[in-house]
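Structure record follows, encoded as structure tokens.
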Amino acid sequence: MKKCLNCEMTIEGRSDKIFCDDYCKSSFHYKKKQGKEKSLFETIDKQLKLNRKLLKSFNKAGKAIVRKEEILKEGFNPKYFTHFWKNKKGDVYLFCYKFGFLSKAENGKSKYVLVKWQEYMNG
Ligand SMILES: [Zn+2]
């Protein structure tokens, strides 16, 4: 005996069926898709929150410079950010919520300049 993948009712008749009807079939695929999107959202959300936490803890004074590897080894992922801000020089700061970072090479070492979101950045 086979059971419908969606509602788990026993399927009568043809043995190659995996859903009892079209409704169950589309409902199953819909839920599967929703699940995927939800877990993708959760992954992004989790990484953004970790990024914010790290940027905050490395930037207690409101401005700081850290070595890239130092923050990366804690789990920071620069591909995840909520928005960005460009200064007059054309440097693009990426932000995770209120905490921003700018990639920079200094004396041959890769660093991040950490900043906090300021009121004037809105303009
Ligand atoms: Zn069913």
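By convention here, the chains of the structure tokens are called A, B, ... in the order presented, each chain's residues are numbered starting at 1, and ligands are numbered starting at 1 in the order presented.
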Using only C-alpha atoms and all ligand atoms, what does the table of chain A residues within 9 Å of ligand 1 look like, with each row giving the shortest atom pair and its distance in Å to one decimal, sorted by chain and ascending number, as CSV?
residue,atom,partner,partner_atom_place_in_ligand_line,distance
A:Lys3,CA,ligand 1,1 (Zn),7.9
A:Cys4,CA,ligand 1,1 (Zn),4.7
A:Leu5,CA,ligand 1,1 (Zn),6.6
A:Asn6,CA,ligand 1,1 (Zn),5.0
A:Cys7,CA,ligand 1,1 (Zn),4.2
A:Glu8,CA,ligand 1,1 (Zn),6.1
A:Met9,CA,ligand 1,1 (Zn),5.7
A:Thr10,CA,ligand 1,1 (Zn),8.1
A:Ile11,CA,ligand 1,1 (Zn),7.8
A:Ile18,CA,ligand 1,1 (Zn),8.5
A:Phe19,CA,ligand 1,1 (Zn),5.2
A:Cys20,CA,ligand 1,1 (Zn),4.3
A:Asp21,CA,ligand 1,1 (Zn),6.0
A:Asp22,CA,ligand 1,1 (Zn),8.4
A:Tyr23,CA,ligand 1,1 (Zn),7.5
A:Cys24,CA,ligand 1,1 (Zn),4.6
A:Lys25,CA,ligand 1,1 (Zn),7.4
A:Phe28,CA,ligand 1,1 (Zn),8.9
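Excluding Pro78 in chain A and any residue on its chain fewer than 5 positions from it, the residues at most 9 Å away by only C-alpha atoms are A:Asn51, A:Leu72, A:Leu94, A:Phe101.
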Let's have the selection written as a tab-separated table (two decimals), in the first residue's frame, with C-alpha atoms.
chain	number	residue	atom	x	y	z
A	51	ASN	CA	27.87	40.20	11.28
A	72	LEU	CA	36.66	36.61	9.59
A	94	LEU	CA	28.90	48.20	3.50
A	101	PHE	CA	32.78	48.30	7.26
- as a VMD selection string, list the residues of chain A assigned to strand (DSSP E) by DSSP on the backbone atoms of this structure. chain A and resid 2 to 3 10 to 11 63 to 67 83 to 86 92 to 96 99 to 106 109 to 116
- Of A:Tyr30, A:Tyr97, A:Trp117, A:Tyr112, the one nearest to Lys53 in chain A when counting only C-alpha atoms is A:Tyr97
- Message: For Phe76 in chain A, find every residue with an atom within 12 Å (counting only C-alpha atoms), except residues of its own chain fewer than 2 positions away, and show them as a list of chain:residue names.
- Response: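 These residues fall inside the cut-off: A:Lys46, A:Gln47, A:Leu48, A:Lys49, A:Leu50, A:Asn51, A:Arg52, A:Lys53, A:Leu54, A:Leu55, A:Lys56, A:Ser57, A:Phe58, A:Lys68, A:Glu69, A:Glu70, A:Ile71, A:Leu72, A:Lys73, A:Glu74, A:Pro78, A:Lys79, A:Tyr80, A:Phe81, A:Cys96, A:Phe101, A:Tyr112.
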- Message: I need the residue nearest Ala105 in chain A from this list: A:Ile65, A:Gly75, A:Ser27, A:Lys86. Use only C-alpha atoms for the distance.
- Response: A:Ile65
- Message: Run DSSP on the backbone and tell me which residues of chain A come out as alpha helix (DSSP H); list them as number ranges by chain.
- Response: A: 22-58, 68-72
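Atom pair CA of Arg67 in chain A / CA of Val113 in chain A: separated by 9.0 Å.
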- Task: State, in Å with one decimal place, the distance from CA of Ala64 in chain A to CA of Ser103 in chain A.
- Result: 12.3 Å
- Go through A:Leu102, A:Val115, A:Val92, A:Met1 and flag the residue nearest Gly62 in chain A, using only C-alpha atoms for the distances.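 Counting only C-alpha atoms, the residue closest to Gly62 in chain A is A:Val115.
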- Find the distance between CA of Gly90 in chain A and CA of Ala61 in chain A and write it in Å to one decimal.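 Value for the CA of Gly90 in chain A-CA of Ala61 in chain A distance: 24.1 Å.
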- Item | Residue among A:Phe41, A:Asn87, A:Lys33, A:Val66 lying closest to Lys109 in chain A, counting only C-alpha atoms |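 Under the stated criterion, the closest residue is A:Val66.
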